[in-house]
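structure-v3.pdb (PDB, C-alpha atoms) appears below.
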```pdb
ATOM      1  CA  MET A   1     -49.676 -26.122  39.321
ATOM      2  CA  LEU A   2     -50.116 -29.736  40.444
ATOM      3  CA  ARG A   3     -50.659 -30.876  44.027
ATOM      4  CA  ILE A   4     -50.982 -34.544  44.853
ATOM      5  CA  GLU A   5     -52.007 -34.979  48.470
ATOM      6  CA  ASN A   6     -51.993 -38.357  50.237
ATOM      7  CA  LEU A   7     -52.933 -40.231  47.062
ATOM      8  CA  THR A   8     -53.815 -43.870  47.669
ATOM      9  CA  LYS A   9     -54.937 -46.390  45.064
ATOM     10  CA  THR A  10     -55.647 -50.054  45.677
ATOM     11  CA  TYR A  11     -56.557 -53.045  43.549
ATOM     12  CA  GLY A  12     -58.220 -55.521  45.856
ATOM     13  CA  ALA A  13     -55.840 -56.181  48.734
ATOM     14  CA  LYS A  14     -52.859 -54.676  46.901
ATOM     15  CA  THR A  15     -51.957 -51.029  47.497
ATOM     16  CA  VAL A  16     -50.229 -49.759  44.363
ATOM     17  CA  VAL A  17     -49.945 -46.091  45.410
ATOM     18  CA  ASP A  18     -49.577 -45.512  49.127
ATOM     19  CA  ASN A  19     -50.227 -42.061  50.655
ATOM     20  CA  LEU A  20     -48.244 -40.217  47.960
ATOM     21  CA  SER A  21     -47.837 -36.431  48.117
ATOM     22  CA  LEU A  22     -46.053 -34.255  45.535
ATOM     23  CA  HIS A  23     -46.124 -30.595  44.518
ATOM     24  CA  ILE A  24     -45.111 -29.452  41.017
ATOM     25  CA  ALA A  25     -44.811 -25.666  40.691
ATOM     26  CA  PRO A  26     -45.032 -23.526  37.525
ATOM     27  CA  GLY A  27     -41.737 -23.492  35.661
ATOM     28  CA  GLU A  28     -40.632 -26.936  36.883
ATOM     29  CA  ILE A  29     -39.720 -30.056  34.964
ATOM     30  CA  TYR A  30     -40.443 -32.773  37.515
ATOM     31  CA  GLY A  31     -39.188 -36.312  36.911
ATOM     32  CA  PHE A  32     -40.924 -39.362  38.370
ATOM     33  CA  ILE A  33     -38.827 -42.506  38.512
ATOM     34  CA  GLY A  34     -39.160 -46.041  39.812
ATOM     35  CA  HIS A  35     -38.951 -49.634  38.647
ATOM     36  CA  ASN A  36     -41.694 -51.323  36.617
ATOM     37  CA  GLY A  37     -44.750 -51.783  38.821
ATOM     38  CA  ALA A  38     -43.692 -49.097  41.320
ATOM     39  CA  GLY A  39     -46.903 -47.112  40.801
ATOM     40  CA  LYS A  40     -45.792 -44.430  38.327
ATOM     41  CA  THR A  41     -48.394 -45.038  35.634
ATOM     42  CA  THR A  42     -51.162 -45.530  38.207
ATOM     43  CA  THR A  43     -50.264 -42.156  39.722
ATOM     44  CA  ILE A  44     -50.195 -40.463  36.333
ATOM     45  CA  LYS A  45     -53.533 -41.961  35.261
ATOM     46  CA  SER A  46     -55.051 -40.785  38.536
ATOM     47  CA  VAL A  47     -53.727 -37.265  37.954
ATOM     48  CA  VAL A  48     -55.246 -37.014  34.479
ATOM     49  CA  GLY A  49     -58.612 -38.417  35.567
ATOM     50  CA  ILE A  50     -58.449 -41.825  33.899
ATOM     51  CA  LEU A  51     -58.392 -43.778  37.165
ATOM     52  CA  GLU A  52     -60.460 -43.193  40.256
ATOM     53  CA  PHE A  53     -58.496 -43.372  43.506
ATOM     54  CA  ASP A  54     -59.385 -44.523  46.987
ATOM     55  CA  ALA A  55     -58.065 -41.706  49.165
ATOM     56  CA  GLY A  56     -56.341 -38.347  48.935
ATOM     57  CA  GLU A  57     -56.844 -35.472  46.533
ATOM     58  CA  ILE A  58     -55.328 -34.113  43.335
ATOM     59  CA  TYR A  59     -55.443 -30.399  42.475
ATOM     60  CA  ILE A  60     -54.527 -28.886  39.111
ATOM     61  CA  GLY A  61     -54.380 -25.110  39.075
ATOM     62  CA  GLY A  62     -56.304 -25.164  42.341
ATOM     63  CA  ASN A  63     -59.110 -27.318  40.920
ATOM     64  CA  SER A  64     -59.918 -30.790  42.233
ATOM     65  CA  ILE A  65     -59.721 -33.550  39.629
ATOM     66  CA  LYS A  66     -62.600 -35.223  41.505
ATOM     67  CA  GLU A  67     -64.885 -32.216  41.821
ATOM     68  CA  ASN A  68     -64.040 -30.237  38.677
ATOM     69  CA  PRO A  69     -62.491 -32.632  36.159
ATOM     70  CA  LEU A  70     -63.310 -30.551  33.063
ATOM     71  CA  ALA A  71     -61.528 -27.469  34.418
ATOM     72  CA  CYS A  72     -58.510 -29.641  35.206
ATOM     73  CA  LYS A  73     -58.476 -31.357  31.817
ATOM     74  CA  ASN A  74     -58.678 -28.026  29.999
ATOM     75  CA  MET A  75     -55.362 -27.093  31.637
ATOM     76  CA  ILE A  76     -53.462 -30.306  30.970
ATOM     77  CA  SER A  77     -52.214 -32.616  28.278
ATOM     78  CA  TYR A  78     -51.416 -36.289  28.691
ATOM     79  CA  ILE A  79     -48.971 -38.212  26.538
ATOM     80  CA  PRO A  80     -49.111 -41.952  27.329
ATOM     81  CA  ASP A  81     -46.227 -44.353  26.787
ATOM     82  CA  ASN A  82     -48.149 -46.101  24.009
ATOM     83  CA  PRO A  83     -50.250 -43.648  21.999
ATOM     84  CA  ASP A  84     -53.657 -45.071  21.084
ATOM     85  CA  LEU A  85     -54.858 -42.906  18.213
ATOM     86  CA  TYR A  86     -57.807 -43.171  15.835
ATOM     87  CA  THR A  87     -55.933 -44.990  13.095
ATOM     88  CA  PHE A  88     -58.769 -44.633  10.558
ATOM     89  CA  MET A  89     -58.138 -40.864  10.561
ATOM     90  CA  SER A  90     -55.425 -39.023   8.726
ATOM     91  CA  GLY A  91     -52.863 -37.207  10.835
ATOM     92  CA  ILE A  92     -54.273 -33.777  10.023
ATOM     93  CA  ALA A  93     -57.861 -34.923  10.667
ATOM     94  CA  TYR A  94     -56.831 -36.190  14.093
ATOM     95  CA  LEU A  95     -55.092 -32.930  14.992
ATOM     96  CA  ASN A  96     -58.128 -30.915  13.906
ATOM     97  CA  PHE A  97     -60.375 -33.273  15.896
ATOM     98  CA  VAL A  98     -58.353 -32.613  19.061
ATOM     99  CA  ALA A  99     -58.294 -28.871  18.365
ATOM    100  CA  ASP A 100     -62.081 -28.890  17.965
ATOM    101  CA  ILE A 101     -62.510 -30.616  21.330
ATOM    102  CA  TYR A 102     -60.528 -27.854  23.037
ATOM    103  CA  GLY A 103     -62.146 -25.066  21.014
ATOM    104  CA  VAL A 104     -58.855 -23.936  19.469
ATOM    105  CA  GLY A 105     -59.308 -21.310  16.758
ATOM    106  CA  ALA A 106     -58.177 -21.827  13.172
ATOM    107  CA  ASP A 107     -55.200 -19.463  13.281
ATOM    108  CA  GLU A 108     -53.897 -20.809  16.574
ATOM    109  CA  ARG A 109     -54.212 -24.462  15.585
ATOM    110  CA  ASN A 110     -52.690 -23.943  12.151
ATOM    111  CA  ALA A 111     -49.704 -22.134  13.651
ATOM    112  CA  CYS A 112     -49.157 -24.927  16.169
ATOM    113  CA  ILE A 113     -49.522 -27.709  13.602
ATOM    114  CA  THR A 114     -47.177 -25.984  11.154
ATOM    115  CA  LYS A 115     -44.568 -25.288  13.841
ATOM    116  CA  TYR A 116     -44.390 -28.756  15.333
ATOM    117  CA  ALA A 117     -45.095 -30.828  12.215
ATOM    118  CA  ASN A 118     -42.179 -29.110  10.511
ATOM    119  CA  ALA A 119     -39.973 -29.532  13.574
ATOM    120  CA  PHE A 120     -40.792 -33.250  13.854
ATOM    121  CA  ASP A 121     -40.505 -33.766  10.070
ATOM    122  CA  LEU A 122     -44.118 -34.955   9.919
ATOM    123  CA  SER A 123     -45.672 -32.392   7.573
ATOM    124  CA  LYS A 124     -45.480 -34.580   4.483
ATOM    125  CA  ASP A 125     -47.238 -37.439   6.308
ATOM    126  CA  LEU A 126     -50.205 -35.592   7.810
ATOM    127  CA  ALA A 127     -52.490 -36.428   4.870
ATOM    128  CA  GLN A 128     -51.834 -40.149   5.295
ATOM    129  CA  PRO A 129     -53.926 -42.497   7.489
ATOM    130  CA  ILE A 130     -52.491 -42.945  10.963
ATOM    131  CA  SER A 131     -52.702 -46.697  10.332
ATOM    132  CA  THR A 132     -49.684 -46.306   8.035
ATOM    133  CA  TYR A 133     -47.575 -44.549  10.701
ATOM    134  CA  SER A 134     -44.677 -46.147  12.539
ATOM    135  CA  HIS A 135     -44.672 -46.124  16.354
ATOM    136  CA  GLY A 136     -42.328 -43.139  16.334
ATOM    137  CA  MET A 137     -44.572 -41.202  13.957
ATOM    138  CA  LYS A 138     -47.603 -41.921  16.145
ATOM    139  CA  GLN A 139     -45.666 -40.679  19.157
ATOM    140  CA  LYS A 140     -44.788 -37.455  17.336
ATOM    141  CA  LEU A 141     -48.433 -36.946  16.319
ATOM    142  CA  ALA A 142     -49.567 -37.533  19.904
ATOM    143  CA  ILE A 143     -47.096 -34.905  21.121
ATOM    144  CA  ILE A 144     -48.325 -32.339  18.586
ATOM    145  CA  ALA A 145     -51.928 -33.069  19.566
ATOM    146  CA  ALA A 146     -51.022 -32.624  23.236
ATOM    147  CA  LEU A 147     -49.594 -29.167  22.582
ATOM    148  CA  ILE A 148     -52.360 -27.855  20.355
ATOM    149  CA  HIS A 149     -54.350 -26.106  23.124
ATOM    150  CA  ASN A 150     -51.301 -24.575  24.838
ATOM    151  CA  PRO A 151     -51.609 -26.604  28.061
ATOM    152  CA  LYS A 152     -50.310 -25.259  31.365
ATOM    153  CA  LEU A 153     -49.337 -28.723  32.627
ATOM    154  CA  VAL A 154     -48.027 -31.514  30.399
ATOM    155  CA  ILE A 155     -48.010 -35.014  31.873
ATOM    156  CA  MET A 156     -45.925 -37.627  30.081
ATOM    157  CA  ASP A 157     -45.461 -41.346  30.665
ATOM    158  CA  GLU A 158     -42.104 -42.431  29.198
ATOM    159  CA  PRO A 159     -42.192 -39.716  26.500
ATOM    160  CA  PHE A 160     -38.925 -40.707  24.806
ATOM    161  CA  VAL A 161     -39.904 -44.293  23.990
ATOM    162  CA  GLY A 162     -39.895 -44.847  20.232
ATOM    163  CA  LEU A 163     -38.427 -41.461  19.341
ATOM    164  CA  ASP A 164     -35.294 -41.082  17.276
ATOM    165  CA  PRO A 165     -32.467 -38.991  18.797
ATOM    166  CA  ILE A 166     -33.399 -35.844  16.867
ATOM    167  CA  ALA A 167     -37.046 -36.031  17.932
ATOM    168  CA  ALA A 168     -36.065 -36.806  21.536
ATOM    169  CA  HIS A 169     -33.808 -33.740  21.582
ATOM    170  CA  LEU A 170     -36.649 -31.615  20.218
ATOM    171  CA  VAL A 171     -39.032 -32.899  22.913
ATOM    172  CA  LYS A 172     -36.533 -31.870  25.590
ATOM    173  CA  ASP A 173     -36.379 -28.378  24.064
ATOM    174  CA  VAL A 174     -40.183 -28.181  23.956
ATOM    175  CA  MET A 175     -40.415 -29.251  27.609
ATOM    176  CA  ARG A 176     -38.066 -26.469  28.670
ATOM    177  CA  GLU A 177     -39.885 -23.943  26.469
ATOM    178  CA  ILE A 178     -43.211 -24.783  28.132
ATOM    179  CA  CYS A 179     -41.686 -24.258  31.572
ATOM    180  CA  ASP A 180     -39.953 -21.035  30.556
ATOM    181  CA  GLU A 181     -43.402 -19.727  29.614
ATOM    182  CA  GLY A 182     -44.815 -20.549  33.054
ATOM    183  CA  GLY A 183     -46.068 -24.069  32.451
ATOM    184  CA  ALA A 184     -44.958 -27.266  34.164
ATOM    185  CA  ILE A 185     -43.958 -30.801  33.167
ATOM    186  CA  PHE A 186     -44.526 -33.995  35.152
ATOM    187  CA  PHE A 187     -43.096 -37.082  33.474
ATOM    188  CA  SER A 188     -42.001 -40.613  34.208
ATOM    189  CA  THR A 189     -38.885 -42.104  32.694
ATOM    190  CA  HIS A 190     -36.504 -45.031  32.978
ATOM    191  CA  VAL A 191     -33.737 -43.039  31.294
ATOM    192  CA  LEU A 192     -32.007 -41.717  34.395
ATOM    193  CA  GLU A 193     -29.301 -39.843  32.485
ATOM    194  CA  VAL A 194     -32.003 -37.802  30.746
ATOM    195  CA  ALA A 195     -33.796 -37.122  34.021
ATOM    196  CA  GLU A 196     -30.576 -35.992  35.697
ATOM    197  CA  LYS A 197     -29.757 -33.501  32.946
ATOM    198  CA  LEU A 198     -33.296 -32.271  32.286
ATOM    199  CA  CYS A 199     -35.220 -32.166  35.559
ATOM    200  CA  ASP A 200     -35.413 -29.371  38.095
ATOM    201  CA  LYS A 201     -36.876 -31.789  40.646
ATOM    202  CA  VAL A 202     -37.270 -35.537  40.873
ATOM    203  CA  ALA A 203     -39.251 -38.043  42.927
ATOM    204  CA  ILE A 204     -38.400 -41.708  43.426
ATOM    205  CA  ILE A 205     -41.229 -44.155  44.115
ATOM    206  CA  LYS A 206     -40.855 -47.741  45.319
ATOM    207  CA  GLN A 207     -43.697 -50.213  45.838
ATOM    208  CA  GLY A 208     -46.172 -47.337  45.760
ATOM    209  CA  LYS A 209     -44.384 -45.251  48.388
ATOM    210  CA  LEU A 210     -42.472 -42.035  47.850
ATOM    211  CA  ILE A 211     -38.960 -42.696  49.148
ATOM    212  CA  LYS A 212     -37.129 -39.533  48.089
ATOM    213  CA  ALA A 213     -38.047 -36.219  46.442
ATOM    214  CA  GLY A 214     -36.633 -32.740  46.000
ATOM    215  CA  THR A 215     -34.376 -30.740  43.732
ATOM    216  CA  MET A 216     -31.938 -32.754  41.699
ATOM    217  CA  GLU A 217     -29.115 -31.574  43.944
ATOM    218  CA  GLU A 218     -31.025 -32.554  47.093
ATOM    219  CA  VAL A 219     -31.786 -36.021  45.783
ATOM    220  CA  LYS A 220     -28.459 -37.009  44.288
ATOM    221  CA  GLY A 221     -25.928 -34.864  46.138
ATOM    222  CA  ASP A 222     -22.444 -35.497  44.751
ATOM    223  CA  ALA A 223     -23.417 -38.878  43.300
ATOM    224  CA  SER A 224     -25.202 -39.668  40.043
ATOM    225  CA  LEU A 225     -28.970 -40.096  39.964
ATOM    226  CA  GLU A 226     -28.443 -43.656  38.761
ATOM    227  CA  SER A 227     -26.293 -44.583  41.759
ATOM    228  CA  VAL A 228     -28.762 -43.007  44.203
ATOM    229  CA  PHE A 229     -31.677 -44.797  42.560
ATOM    230  CA  LEU A 230     -29.929 -48.165  42.631
ATOM    231  CA  GLU A 231     -28.918 -47.704  46.262
ATOM    232  CA  LEU A 232     -32.488 -46.832  47.273
ATOM    233  CA  GLU A 233     -33.856 -49.760  45.276
ATOM    234  CA  ASP A 234     -31.481 -52.140  47.078
ATOM    235  CA  GLN A 235     -32.607 -51.006  50.516
ATOM    236  CA  ASP A 236     -34.972 -53.515  52.124
ATOM    237  CA  ALA A 237     -35.006 -55.504  48.883
TER     238      ALA A 237
END
```
Here is the file; what I need is its structure written in the form of structure tokens.
Amino acid sequence: MLRIENLTKTYGAKTVVDNLSLHIAPGEIYGFIGHNGAGKTTTIKSVVGILEFDAGEIYIGGNSIKENPLACKNMISYIPDNPDLYTFMSGIAYLNFVADIYGVGADERNACITKYANAFDLSKDLAQPISTYSHGMKQKLAIIAALIHNPKLVIMDEPFVGLDPIAAHLVKDVMREICDEGGAIFFSTHVLEVAEKLCDKVAIIKQGKLIKAGTMEEVKGDASLESVFLELEDQDA
């Protein structure tokens, strides 16, 4: 579903992602962890086509993000850690705007909006301007918008930030539902307990380099993910 091959991204003399390779298969929830500044967000923004990169290649569904970005973007959704929405719009206008971009039909979009707006307890607020929404409400709206075209790959940067416990639990259920239907999830998080319980595979990045990756069992063994992460972070510190 997603292949990152030898990805390298620099800013001047600083290499922020260094020869990174990952493979996320259909049906997998893949966690991406590392300290602040490790290169997680740079990697994610490269995958979704926001950032150009210096070397390597990224394939989504067999398509190159460099050579065929529209085909890639039709297959994915991106949920950033801080949703920047058009606050002059109402919630429902924004969702219809996104659905129009992806060419989603009326029946399909209405079913999706009804399903997730009810689940996230947002239905009563959709007529209101997004400018009146709390951070958590904006995050919920961004998640609904990301799901409206039935993406095959959902890419999330710290998706649980700003969500209440009920909404966070629902997002976890939605992530597993997407994968059960043949999709895939690639997400960054600082909440290691969530990653340990939720992810099929996990990758740890440090100073732009991949230092460990594999199934959860391969990465953590008999220890906790937190203890493995802290041990790896302490090495060569």
Check your understanding: Near Ile155 of chain A, counting all atoms listed in the file, which residues have an atom at most 7 Å away, once you skip same-chain residues fewer than 2 positions from it, shown as a list in words?
Key ->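 The neighbour list is Ser77, Tyr78, Ile79, Leu153, Asp157, Ile185, Phe186 and Phe187 of chain A.
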Review point. The PyMOL selection byres ((chain A and resi 204) around 7) on the file shown: which residues, as a PyMOL selection string?
Key: chain A and resi 32-34+202-203+205-206+210-213
Check your understanding: Quick one: residues within 9 Å of segment 137-139 of chain A, all atoms listed in the file counted, chain neighbours fewer than 6 positions away excluded, as a list in words?
Key ->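 Result of the neighbour search: Ile79, Pro80, Asp81, Asn82, Pro83, Asp84, Leu85, Gly91, Phe120, Leu122, Asp125, Ile130, Pro159, Phe160, Val161, Gly162 and Leu163 of chain A.
From atom CA of Tyr30 of chain A back to atom CA of Val194 of chain A, the distance works out to 11.9 Å.
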Review point. Between A:Leu126, A:Ile58, A:Ile29, A:Val104, which one has atoms that come closest to Thr8 of chain A, using all atoms listed in the file?
Key: A:Ile58
Practice item. Please evaluate the PyMOL selection byres ((chain A and resi 179) around 12) against the structure above and give the resulting residues as a PyMOL selection string. Key: chain A and resi 1+24-30+150-154+172-178+180-186+198-200
Exercise for review: Up to 12 Å from (-45.1, -32.8, 11.6) in the file's coordinates: name the residues, counting only C-alpha atoms, as a PyMOL selection string.
Suggested key: chain A and resi 91-92+95+110-128+136-145+167
Point to revise | Residue members of the PyMOL selection byres ((chain A and resi 46) around 12) in the file shown, as number ranges by chain | key: A: 4-5, 7-10, 16-17, 20, 39-45, 47-60, 64-66, 69, 78, 155
Would you list the residues near (-34.0, -46.1, 32.4), meaning any protein, DNA or RNA residue with an atom at most 10 Å from that point in file coordinates, counting all atoms listed in the file, as a PDB file with C-alpha atoms, in the frame of the given file?
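Output file part_37.pdb follows:
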```pdb
ATOM      1  CA  ILE A  33     -38.827 -42.506  38.512  1.00  0.00           C
ATOM      2  CA  GLY A  34     -39.160 -46.041  39.812  1.00  0.00           C
ATOM      3  CA  HIS A  35     -38.951 -49.634  38.647  1.00  0.00           C
ATOM      4  CA  GLU A 158     -42.104 -42.431  29.198  1.00  0.00           C
ATOM      5  CA  SER A 188     -42.001 -40.613  34.208  1.00  0.00           C
ATOM      6  CA  THR A 189     -38.885 -42.104  32.694  1.00  0.00           C
ATOM      7  CA  HIS A 190     -36.504 -45.031  32.978  1.00  0.00           C
ATOM      8  CA  VAL A 191     -33.737 -43.039  31.294  1.00  0.00           C
ATOM      9  CA  LEU A 192     -32.007 -41.717  34.395  1.00  0.00           C
ATOM     10  CA  GLU A 193     -29.301 -39.843  32.485  1.00  0.00           C
ATOM     11  CA  VAL A 194     -32.003 -37.802  30.746  1.00  0.00           C
ATOM     12  CA  ALA A 195     -33.796 -37.122  34.021  1.00  0.00           C
ATOM     13  CA  GLU A 226     -28.443 -43.656  38.761  1.00  0.00           C
TER      14      GLU A 226
END
```
Please write out, as JSON, where the centre of an axis-aligned box around all listed atoms of segment 56-73 of chain A lies and how long its edges are, in Å to one decimal, after adding 5 Å on each side.
```
{"center_x": -59.6, "center_y": -31.7, "center_z": 40.4, "size_x": 20.5, "size_y": 23.2, "size_z": 27.1}
```
Check your understanding: In Å, with one decimal, what is the gap from atom CA of Leu225 of chain A to atom CA of Glu196 of chain A?
Key ->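 Atom-to-atom, atom CA of Leu225 of chain A and atom CA of Glu196 of chain A are spaced 6.1 Å apart.
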Review point. Quick one: distance from atom CA of Arg3 of chain A to atom CA of Glu67 of chain A in Å, one decimal?
Key: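 For atom CA of Arg3 of chain A relative to atom CA of Glu67 of chain A, the distance reads 14.5 Å.
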Exercise for review: Have a look at A:Gly214, A:Gly61, A:Pro129, A:Gly221 and name the one nearest to Asn74 of chain A; count all atoms listed in the file.
Suggested key: A:Gly61
Please reconstruct the missing atoms of segment 225-235 of chain A (target: all heavy atoms) and return them as a short mmCIF file (atom, residue, chain, number, x, y, z; two decimals), in the coordinates of the input.
```cif
data_model
loop_
_atom_site.label_atom_id
_atom_site.label_comp_id
_atom_site.auth_asym_id
_atom_site.auth_seq_id
_atom_site.Cartn_x
_atom_site.Cartn_y
_atom_site.Cartn_z
N LEU A 225 -27.60 -39.68 39.69
CA LEU A 225 -28.97 -40.10 39.96
C LEU A 225 -29.09 -41.61 39.86
O LEU A 225 -29.80 -42.24 40.66
CB LEU A 225 -29.93 -39.42 38.99
CG LEU A 225 -31.42 -39.72 39.19
CD1 LEU A 225 -31.90 -39.29 40.57
CD2 LEU A 225 -32.25 -39.05 38.10
N GLU A 226 -28.39 -42.20 38.93
CA GLU A 226 -28.44 -43.66 38.76
C GLU A 226 -27.95 -44.36 40.02
O GLU A 226 -28.58 -45.31 40.49
CB GLU A 226 -27.61 -44.08 37.56
CG GLU A 226 -27.63 -45.59 37.32
CD GLU A 226 -26.81 -46.00 36.11
OE1 GLU A 226 -25.74 -45.39 35.89
OE2 GLU A 226 -27.23 -46.92 35.39
N SER A 227 -26.84 -43.92 40.58
CA SER A 227 -26.29 -44.58 41.76
C SER A 227 -27.21 -44.42 42.97
O SER A 227 -27.40 -45.35 43.76
CB SER A 227 -24.89 -44.05 42.07
OG SER A 227 -24.94 -42.68 42.41
N VAL A 228 -27.82 -43.23 43.10
CA VAL A 228 -28.76 -43.01 44.20
C VAL A 228 -29.99 -43.90 44.04
O VAL A 228 -30.46 -44.53 44.99
CB VAL A 228 -29.17 -41.52 44.28
CG1 VAL A 228 -30.32 -41.32 45.26
CG2 VAL A 228 -27.99 -40.67 44.68
N PHE A 229 -30.50 -43.96 42.82
CA PHE A 229 -31.68 -44.80 42.56
C PHE A 229 -31.39 -46.26 42.87
O PHE A 229 -32.19 -46.93 43.54
CB PHE A 229 -32.10 -44.63 41.10
CG PHE A 229 -33.22 -45.54 40.68
CD1 PHE A 229 -34.52 -45.29 41.10
CD2 PHE A 229 -32.98 -46.64 39.88
CE1 PHE A 229 -35.55 -46.13 40.73
CE2 PHE A 229 -34.02 -47.48 39.51
CZ PHE A 229 -35.31 -47.23 39.93
N LEU A 230 -30.25 -46.76 42.41
CA LEU A 230 -29.93 -48.16 42.63
C LEU A 230 -29.72 -48.45 44.12
O LEU A 230 -30.13 -49.51 44.61
CB LEU A 230 -28.67 -48.54 41.84
CG LEU A 230 -28.84 -48.54 40.31
CD1 LEU A 230 -27.50 -48.79 39.63
CD2 LEU A 230 -29.87 -49.58 39.87
N GLU A 231 -29.12 -47.51 44.83
CA GLU A 231 -28.92 -47.70 46.26
C GLU A 231 -30.26 -47.76 46.99
O GLU A 231 -30.48 -48.62 47.86
CB GLU A 231 -28.07 -46.56 46.83
CG GLU A 231 -27.82 -46.65 48.33
CD GLU A 231 -27.00 -45.49 48.86
OE1 GLU A 231 -26.47 -44.72 48.03
OE2 GLU A 231 -26.92 -45.36 50.09
N LEU A 232 -31.17 -46.84 46.64
CA LEU A 232 -32.49 -46.83 47.27
C LEU A 232 -33.30 -48.08 46.92
O LEU A 232 -34.04 -48.61 47.74
CB LEU A 232 -33.26 -45.57 46.87
CG LEU A 232 -32.71 -44.26 47.43
CD1 LEU A 232 -33.39 -43.07 46.76
CD2 LEU A 232 -32.89 -44.19 48.93
N GLU A 233 -33.15 -48.55 45.69
CA GLU A 233 -33.86 -49.76 45.28
C GLU A 233 -33.36 -50.98 46.03
O GLU A 233 -34.11 -51.91 46.31
CB GLU A 233 -33.69 -49.97 43.77
CG GLU A 233 -34.59 -49.10 42.92
CD GLU A 233 -36.05 -49.47 43.08
OE1 GLU A 233 -36.41 -50.63 42.81
OE2 GLU A 233 -36.83 -48.61 43.50
N ASP A 234 -32.05 -51.00 46.37
CA ASP A 234 -31.48 -52.14 47.08
C ASP A 234 -31.87 -52.19 48.55
O ASP A 234 -31.82 -53.23 49.19
CB ASP A 234 -29.94 -52.11 46.98
CG ASP A 234 -29.46 -52.51 45.59
OD1 ASP A 234 -30.23 -53.15 44.87
OD2 ASP A 234 -28.31 -52.17 45.25
N GLN A 235 -32.24 -51.04 49.11
CA GLN A 235 -32.61 -51.01 50.52
C GLN A 235 -33.88 -51.80 50.76
O GLN A 235 -34.88 -51.65 50.08
CB GLN A 235 -32.82 -49.57 51.00
CG GLN A 235 -31.53 -48.74 51.02
CD GLN A 235 -31.80 -47.31 51.41
OE1 GLN A 235 -32.91 -46.93 51.74
NE2 GLN A 235 -30.75 -46.49 51.38
#
```
